[in-house]
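Have a look at structure05.cif; it's mmCIF, C-alpha atoms:
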```cif
data_run
#
loop_
_atom_site.label_atom_id
_atom_site.label_comp_id
_atom_site.auth_asym_id
_atom_site.auth_seq_id
_atom_site.Cartn_x
_atom_site.Cartn_y
_atom_site.Cartn_z
CA MET A 1284 -66.25 9.30 -46.12
CA ALA A 1285 -62.57 8.62 -45.50
CA LEU A 1286 -61.69 6.20 -42.75
CA PHE A 1287 -58.29 5.73 -41.19
CA MET A 1288 -56.82 3.92 -38.25
CA LEU A 1289 -54.88 5.86 -35.67
CA SER A 1290 -52.20 3.93 -33.86
CA LEU A 1291 -50.80 5.74 -30.85
CA PRO A 1292 -47.23 4.89 -29.91
CA LEU A 1293 -46.25 3.84 -26.40
CA GLN A 1294 -43.52 6.47 -26.28
CA ALA A 1295 -46.01 9.29 -25.67
CA GLN A 1296 -44.85 11.79 -23.09
CA HIS A 1297 -47.01 10.30 -20.31
CA LYS A 1298 -47.73 6.67 -19.64
CA HIS A 1299 -51.48 6.34 -19.31
CA SER A 1300 -54.30 3.85 -19.05
CA GLN A 1301 -56.45 3.54 -22.14
CA LEU A 1302 -59.45 3.90 -19.85
CA ALA A 1303 -58.22 7.28 -18.68
CA ALA A 1304 -57.69 9.02 -22.04
CA SER A 1305 -59.88 10.79 -24.59
CA TYR A 1306 -58.91 12.18 -27.98
CA ALA A 1307 -60.17 14.85 -30.38
CA PHE A 1308 -58.97 16.58 -33.55
CA ASP A 1309 -59.19 20.36 -33.86
CA GLN A 1310 -60.13 22.18 -37.10
CA ALA A 1311 -56.47 22.37 -38.16
CA GLY A 1312 -56.03 18.60 -37.85
CA LYS A 1313 -54.03 18.65 -34.61
CA LEU A 1314 -54.72 15.63 -32.41
CA TRP A 1315 -55.38 16.37 -28.73
CA MET A 1316 -55.35 13.88 -25.89
CA ILE A 1317 -56.55 14.40 -22.34
CA GLY A 1318 -55.82 11.81 -19.70
CA LEU A 1319 -54.39 10.84 -16.36
CA ASP A 1320 -50.71 10.09 -15.93
CA GLU A 1321 -49.21 7.36 -13.75
CA GLU A 1322 -49.75 9.57 -10.69
CA GLN A 1323 -53.43 10.07 -11.65
CA LYS A 1324 -52.86 13.75 -12.48
CA LEU A 1325 -54.70 15.35 -15.40
CA PHE A 1326 -52.59 16.16 -18.46
CA ILE A 1327 -53.12 17.36 -22.02
CA GLN A 1328 -50.98 16.55 -25.04
CA SER A 1329 -51.14 17.45 -28.70
CA SER A 1330 -49.64 15.96 -31.82
CA GLN A 1331 -49.22 17.44 -35.30
CA ASP A 1332 -48.22 14.07 -36.80
CA PHE A 1333 -51.07 11.69 -35.84
CA GLY A 1334 -49.48 10.62 -32.57
CA ASN A 1335 -45.88 10.00 -33.59
CA THR A 1336 -44.64 12.86 -31.40
CA TRP A 1337 -46.37 14.63 -28.53
CA ALA A 1338 -46.06 17.91 -26.62
CA GLY A 1339 -48.02 18.57 -23.48
CA LYS A 1340 -48.32 19.58 -19.89
CA GLN A 1341 -50.04 18.79 -16.63
CA LEU A 1342 -53.22 20.75 -15.91
CA GLU A 1343 -54.49 22.27 -12.69
CA ALA A 1344 -57.28 19.95 -11.57
CA ASP A 1345 -58.72 18.16 -8.58
CA ALA A 1346 -56.56 15.72 -6.63
CA LYS A 1347 -58.89 12.81 -7.46
CA ILE A 1348 -60.43 12.21 -10.87
CA SER A 1349 -62.61 9.26 -11.89
CA ALA A 1350 -61.20 7.17 -14.70
CA ASP A 1351 -63.17 3.99 -15.19
CA GLY A 1352 -64.69 3.09 -18.55
CA GLU A 1353 -66.93 5.88 -19.85
CA ASN A 1354 -66.38 7.82 -16.63
CA ARG A 1355 -63.04 9.31 -17.70
CA PRO A 1356 -61.79 12.80 -18.59
CA LYS A 1357 -63.19 14.03 -21.90
CA ILE A 1358 -62.24 16.73 -24.39
CA ALA A 1359 -64.38 18.69 -26.85
CA ILE A 1360 -63.11 21.26 -29.33
CA GLY A 1361 -65.29 23.86 -31.04
CA LYS A 1362 -64.93 25.30 -34.53
CA ASP A 1363 -63.27 28.43 -33.17
CA GLY A 1364 -60.65 26.41 -31.30
CA ALA A 1365 -62.37 26.72 -27.93
CA MET A 1366 -61.54 23.67 -25.87
CA VAL A 1367 -63.41 22.16 -22.94
CA ILE A 1368 -62.21 19.36 -20.69
CA THR A 1369 -64.69 17.65 -18.39
CA TYR A 1370 -64.24 15.00 -15.74
CA THR A 1371 -65.86 13.60 -12.61
CA LYS A 1372 -64.44 14.51 -9.25
CA PRO A 1373 -65.35 11.60 -6.96
CA LEU A 1374 -66.84 12.38 -3.56
CA ALA A 1375 -66.46 10.45 -0.29
CA LYS A 1376 -69.45 8.10 -0.76
CA PRO A 1377 -69.22 5.38 -3.45
CA TYR A 1378 -70.79 6.25 -6.84
CA THR A 1379 -70.98 9.96 -6.04
CA GLY A 1380 -69.28 12.81 -7.81
CA GLU A 1381 -69.31 16.27 -9.32
CA ILE A 1382 -68.90 17.11 -12.99
CA ARG A 1383 -65.98 19.52 -13.37
CA LEU A 1384 -64.98 21.66 -16.37
CA ILE A 1385 -61.78 23.36 -17.52
CA ARG A 1386 -61.81 25.81 -20.47
CA SER A 1387 -59.20 27.05 -22.92
CA ALA A 1388 -59.55 29.47 -25.82
CA ASP A 1389 -56.14 28.62 -27.29
CA GLY A 1390 -55.06 25.17 -26.08
CA VAL A 1391 -52.26 26.79 -24.08
CA ASN A 1392 -53.92 28.69 -21.24
CA PHE A 1393 -56.49 26.85 -19.13
CA SER A 1394 -58.98 28.00 -16.52
CA SER A 1395 -59.23 26.56 -13.03
CA PRO A 1396 -61.84 23.78 -12.73
CA VAL A 1397 -65.46 24.67 -11.97
CA THR A 1398 -68.47 22.47 -11.16
CA VAL A 1399 -71.02 22.55 -13.99
CA HIS A 1400 -74.16 21.76 -11.97
CA ASP A 1401 -75.79 23.75 -9.20
CA ASP A 1402 -76.83 20.70 -7.17
CA ARG A 1403 -74.20 20.13 -4.48
CA GLN A 1404 -75.61 17.04 -2.79
CA SER A 1405 -73.22 14.15 -2.25
CA ILE A 1406 -74.97 12.01 -4.88
CA THR A 1407 -74.36 10.68 -8.37
CA HIS A 1408 -73.40 13.34 -10.91
CA ARG A 1409 -71.32 11.20 -13.28
CA PHE A 1410 -70.82 9.82 -16.79
CA GLU A 1411 -70.85 13.17 -18.57
CA SER A 1412 -70.80 13.66 -22.33
CA THR A 1413 -69.53 16.92 -23.79
CA LYS A 1414 -70.02 18.32 -27.29
CA PHE A 1415 -70.04 21.61 -29.20
CA ASP A 1416 -72.91 22.01 -31.66
CA SER A 1417 -72.57 23.45 -35.18
CA LYS A 1418 -73.22 26.99 -33.88
CA GLY A 1419 -70.52 26.75 -31.20
CA GLY A 1420 -72.89 26.11 -28.28
CA LEU A 1421 -71.53 23.81 -25.60
CA HIS A 1422 -73.68 20.93 -24.35
CA ILE A 1423 -72.86 18.79 -21.32
CA VAL A 1424 -75.17 16.00 -20.15
CA TRP A 1425 -74.70 13.64 -17.23
CA VAL A 1426 -76.37 10.98 -15.08
CA ASP A 1427 -77.86 12.65 -12.00
CA LYS A 1428 -79.63 11.19 -8.95
CA ARG A 1429 -81.08 14.39 -7.45
CA ASP A 1430 -84.65 13.40 -8.39
CA ALA A 1431 -84.30 10.17 -6.41
CA GLU A 1432 -83.14 12.18 -3.39
CA LEU A 1433 -86.05 14.60 -3.78
CA ALA A 1434 -88.61 11.77 -4.06
CA ARG A 1435 -87.11 10.13 -0.98
CA SER A 1436 -87.35 13.36 1.04
CA LEU A 1437 -90.95 14.05 -0.09
CA THR A 1438 -92.32 10.53 0.48
CA GLY A 1439 -90.04 9.19 3.18
CA LYS A 1440 -89.68 6.03 1.08
CA LYS A 1441 -86.24 4.86 0.08
CA ASP A 1442 -87.48 3.38 -3.22
CA ALA A 1443 -89.87 6.23 -4.16
CA TYR A 1444 -87.92 6.80 -7.39
CA SER A 1445 -85.89 4.06 -9.00
CA GLY A 1446 -83.25 5.06 -11.46
CA ALA A 1447 -81.54 8.27 -12.43
CA ALA A 1448 -82.14 11.21 -14.72
CA ILE A 1449 -80.12 12.82 -17.47
CA TYR A 1450 -79.39 16.48 -16.74
CA ARG A 1451 -78.00 19.19 -19.02
#
```

Step by step, read the file and then write its structure as structure tokens.
Amino acid sequence: MALFMLSLPLQAQHKHSQLAASYAFDQAGKLWMIGLDEEQKLFIQSSQDFGNTWAGKQLEADAKISADGENRPKIAIGKDGAMVITYTKPLAKPYTGEIRLIRSADGVNFSSPVTVHDDRQSITHRFESTKFDSKGGLHIVWVDKRDAELARSLTGKKDAYSGAAIYR
């Protein structure tokens, strides 16, 4: 197994927080970065030379996007070049959100964001992980509190269910 260190220069097209960026290589070896710029807007960049030069653009996304630690925009690229960007759109209450997804077949044209889960309660849907499997199937998992809300409504007890579930 070959290991290498990737050092990304500060002169990238957008200034960004390390906490708000994710990286992936496609099958051709192009490096892709998804992140939030200084105005907290979602952008994508690519580099053919391991981060020495970048080309990119801002993406159509929600006005607010979570970007703290593991709860940041993420990128996954399939064998066929299909690209998926996921992020959490925060809701009004603290620690609540919706998992949003943007697709691209070519890395140039991107869909509008859609919510990946059918539960629309104002609860925790956060900390997603996104990956293509070896057959090209897309898998997204996230922390979800809907079971706690259901237990609370069925029992009338606030602490009827402690914790959260992982949904796919």

Which residues of segment 1351-1393 of chain A have any atom within 10 Å of an atom in segment 1321-1330 of chain A when counting all atoms listed in the file, and what is the closest pair of atoms for each, with the distance in Å to one decimal? Order the rows by chain and rising number and write it as a Markdown table.
```
| residue | atom | partner | partner_atom | distance |
| --- | --- | --- | --- | --- |
| A:Pro1356 | CA | A:Leu1325 | CA | 8.2 |
| A:Ile1358 | CA | A:Ile1327 | CA | 9.4 |
| A:Ile1368 | CA | A:Ile1327 | CA | 9.4 |
| A:Tyr1370 | CA | A:Leu1325 | CA | 9.6 |
| A:Gly1390 | CA | A:Ile1327 | CA | 9.0 |
| A:Val1391 | CA | A:Ile1327 | CA | 9.7 |
```

Output of the PyMOL selection byres ((chain A and resi 1369) around 9), listed as a ChimeraX atom specification: /A:1355-1359,1367-1368,1370-1371,1382-1386,1396,1411-1413,1423

How would the residues just picked look written out with C-alpha atoms as a PDB file, in the frame of the given file?
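So again-v3.pdb came out as:
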```
ATOM      1  CA  ARG A1355     -63.040   9.310 -17.700  1.00  0.00           C
ATOM      2  CA  PRO A1356     -61.790  12.800 -18.590  1.00  0.00           C
ATOM      3  CA  LYS A1357     -63.190  14.030 -21.900  1.00  0.00           C
ATOM      4  CA  ILE A1358     -62.240  16.730 -24.390  1.00  0.00           C
ATOM      5  CA  ALA A1359     -64.380  18.690 -26.850  1.00  0.00           C
ATOM      6  CA  VAL A1367     -63.410  22.160 -22.940  1.00  0.00           C
ATOM      7  CA  ILE A1368     -62.210  19.360 -20.690  1.00  0.00           C
ATOM      8  CA  TYR A1370     -64.240  15.000 -15.740  1.00  0.00           C
ATOM      9  CA  THR A1371     -65.860  13.600 -12.610  1.00  0.00           C
ATOM     10  CA  ILE A1382     -68.900  17.110 -12.990  1.00  0.00           C
ATOM     11  CA  ARG A1383     -65.980  19.520 -13.370  1.00  0.00           C
ATOM     12  CA  LEU A1384     -64.980  21.660 -16.370  1.00  0.00           C
ATOM     13  CA  ILE A1385     -61.780  23.360 -17.520  1.00  0.00           C
ATOM     14  CA  ARG A1386     -61.810  25.810 -20.470  1.00  0.00           C
ATOM     15  CA  PRO A1396     -61.840  23.780 -12.730  1.00  0.00           C
ATOM     16  CA  GLU A1411     -70.850  13.170 -18.570  1.00  0.00           C
ATOM     17  CA  SER A1412     -70.800  13.660 -22.330  1.00  0.00           C
ATOM     18  CA  THR A1413     -69.530  16.920 -23.790  1.00  0.00           C
ATOM     19  CA  ILE A1423     -72.860  18.790 -21.320  1.00  0.00           C
TER      20      ILE A1423
END
```

Pairwise distance for atom CA of Ala1365 of chain A and atom CA of Asp1389 of chain A, rounded to one decimal in Å: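 It comes out at 6.5 Å.
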
Using atom CA of Met1366 of chain A and atom CA of Phe1393 of chain A as the two end points, give the distance in Å to one decimal.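 Answer for the atom CA of Met1366 of chain A to atom CA of Phe1393 of chain A separation: 9.0 Å.
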
Which of these, A:Ile1449, A:Leu1433, A:Gly1364, A:Asp1345, has the shortest distance to Ser1395 of chain A once you count only C-alpha atoms? A:Asp1345

May I ask for the distance between atom CA of Ser1305 of chain A and atom CA of Gly1318 of chain A, given in Å to one decimal place?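 Answer for the atom CA of Ser1305 of chain A to atom CA of Gly1318 of chain A separation: 6.4 Å.
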
List, as number ranges by chain, every residue that the PyMOL selection byres ((chain A and resi 1313) around 8) selects in the file provided. A: 1308-1312, 1314-1315, 1329-1333

Contacts of Lys1376 of chain A within 8 Å, all atoms listed in the file, excl. fewer than 2 positions in-chain, as number ranges by chain: A: 1374, 1378-1379, 1405-1406

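Residues matched by the PyMOL selection byres ((chain A and resi 1347) around 7) in this file: A:Asp1345, A:Ala1346, A:Ile1348, A:Ser1349, A:Lys1372, A:Pro1373.
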
Restricting it to C-alpha atoms, dump the selection as a PDB file, in the frame of the given file.
```
ATOM      1  CA  ASP A1345     -58.720  18.160  -8.580  1.00  0.00           C
ATOM      2  CA  ALA A1346     -56.560  15.720  -6.630  1.00  0.00           C
ATOM      3  CA  ILE A1348     -60.430  12.210 -10.870  1.00  0.00           C
ATOM      4  CA  SER A1349     -62.610   9.260 -11.890  1.00  0.00           C
ATOM      5  CA  LYS A1372     -64.440  14.510  -9.250  1.00  0.00           C
ATOM      6  CA  PRO A1373     -65.350  11.600  -6.960  1.00  0.00           C
TER       7      PRO A1373
END
```

Residue among A:Gly1334, A:Gly1380, A:Gly1339, A:Gly1446 lying closest to Arg1403 of chain A, counting only C-alpha atoms: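 For Arg1403 of chain A, the nearest of the given residues is A:Gly1380.
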
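The residue that comes closest to Arg1409 of chain A, out of A:Met1316, A:Ala1447, A:Ala1434, A:Val1397 and on the basis of all atoms listed in the file, is A:Ala1447.
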
Since the input lacks some atoms of segment 1366-1377 of chain A, please model all heavy atoms and print them as a short mmCIF file (atom, residue, chain, number, x, y, z; two decimals), keeping the file's coordinate frame.
```cif
data_model
loop_
_atom_site.label_atom_id
_atom_site.label_comp_id
_atom_site.auth_asym_id
_atom_site.auth_seq_id
_atom_site.Cartn_x
_atom_site.Cartn_y
_atom_site.Cartn_z
N MET A 1366 -61.74 25.03 -26.35
CA MET A 1366 -61.54 23.67 -25.87
C MET A 1366 -62.14 23.55 -24.47
O MET A 1366 -61.99 24.44 -23.65
CB MET A 1366 -60.04 23.39 -25.82
CG MET A 1366 -59.66 22.01 -25.42
SD MET A 1366 -57.85 21.84 -25.42
CE MET A 1366 -57.45 22.14 -27.13
N VAL A 1367 -62.82 22.44 -24.24
CA VAL A 1367 -63.41 22.16 -22.94
C VAL A 1367 -63.00 20.76 -22.52
O VAL A 1367 -63.07 19.81 -23.30
CB VAL A 1367 -64.94 22.28 -22.98
CG1 VAL A 1367 -65.57 21.79 -21.69
CG2 VAL A 1367 -65.36 23.70 -23.25
N ILE A 1368 -62.56 20.65 -21.28
CA ILE A 1368 -62.21 19.36 -20.69
C ILE A 1368 -63.17 19.14 -19.53
O ILE A 1368 -63.36 20.04 -18.70
CB ILE A 1368 -60.76 19.37 -20.19
CG1 ILE A 1368 -59.82 19.57 -21.39
CG2 ILE A 1368 -60.43 18.11 -19.41
CD1 ILE A 1368 -58.46 20.07 -21.02
N THR A 1369 -63.79 17.98 -19.50
CA THR A 1369 -64.69 17.65 -18.39
C THR A 1369 -64.22 16.34 -17.75
O THR A 1369 -63.59 15.51 -18.39
CB THR A 1369 -66.15 17.50 -18.85
OG1 THR A 1369 -66.23 16.49 -19.86
CG2 THR A 1369 -66.70 18.81 -19.37
N TYR A 1370 -64.55 16.21 -16.47
CA TYR A 1370 -64.24 15.00 -15.74
C TYR A 1370 -65.11 14.93 -14.50
O TYR A 1370 -65.76 15.91 -14.13
CB TYR A 1370 -62.75 14.93 -15.37
CG TYR A 1370 -62.28 16.06 -14.47
CD1 TYR A 1370 -62.36 15.96 -13.09
CD2 TYR A 1370 -61.74 17.21 -15.02
CE1 TYR A 1370 -61.92 17.00 -12.28
CE2 TYR A 1370 -61.30 18.25 -14.22
CZ TYR A 1370 -61.39 18.13 -12.84
OH TYR A 1370 -60.96 19.16 -12.03
N THR A 1371 -65.13 13.77 -13.86
CA THR A 1371 -65.86 13.60 -12.61
C THR A 1371 -64.89 13.62 -11.45
O THR A 1371 -63.92 12.86 -11.43
CB THR A 1371 -66.66 12.28 -12.60
OG1 THR A 1371 -67.58 12.29 -13.68
CG2 THR A 1371 -67.41 12.10 -11.29
N LYS A 1372 -65.17 14.48 -10.51
CA LYS A 1372 -64.44 14.51 -9.25
C LYS A 1372 -65.21 13.61 -8.28
O LYS A 1372 -66.35 13.92 -7.93
CB LYS A 1372 -64.39 15.94 -8.71
CG LYS A 1372 -63.82 16.05 -7.31
CD LYS A 1372 -63.96 17.48 -6.80
CE LYS A 1372 -63.62 17.57 -5.34
NZ LYS A 1372 -63.86 18.92 -4.81
N PRO A 1373 -64.62 12.49 -7.87
CA PRO A 1373 -65.35 11.60 -6.96
C PRO A 1373 -65.48 12.22 -5.57
O PRO A 1373 -64.60 12.95 -5.12
CB PRO A 1373 -64.49 10.34 -6.92
CG PRO A 1373 -63.14 10.76 -7.36
CD PRO A 1373 -63.30 11.97 -8.21
N LEU A 1374 -66.61 11.93 -4.92
CA LEU A 1374 -66.84 12.38 -3.56
C LEU A 1374 -66.62 11.22 -2.60
O LEU A 1374 -66.29 10.11 -3.02
CB LEU A 1374 -68.25 12.96 -3.44
CG LEU A 1374 -68.54 14.14 -4.38
CD1 LEU A 1374 -69.99 14.57 -4.28
CD2 LEU A 1374 -67.60 15.30 -4.11
N ALA A 1375 -66.80 11.45 -1.32
CA ALA A 1375 -66.46 10.45 -0.29
C ALA A 1375 -67.29 9.17 -0.39
O ALA A 1375 -66.77 8.07 -0.21
CB ALA A 1375 -66.60 11.06 1.10
N LYS A 1376 -68.59 9.29 -0.67
CA LYS A 1376 -69.45 8.10 -0.76
C LYS A 1376 -69.24 7.42 -2.11
O LYS A 1376 -69.05 8.11 -3.13
CB LYS A 1376 -70.91 8.50 -0.59
CG LYS A 1376 -71.26 8.93 0.81
CD LYS A 1376 -72.68 9.48 0.98
CE LYS A 1376 -73.73 8.93 0.08
NZ LYS A 1376 -75.04 9.55 0.27
N PRO A 1377 -69.34 6.09 -2.16
CA PRO A 1377 -69.22 5.38 -3.45
C PRO A 1377 -70.28 5.86 -4.45
O PRO A 1377 -71.40 6.19 -4.07
CB PRO A 1377 -69.46 3.92 -3.09
CG PRO A 1377 -69.17 3.84 -1.62
CD PRO A 1377 -69.53 5.18 -1.04
#
```
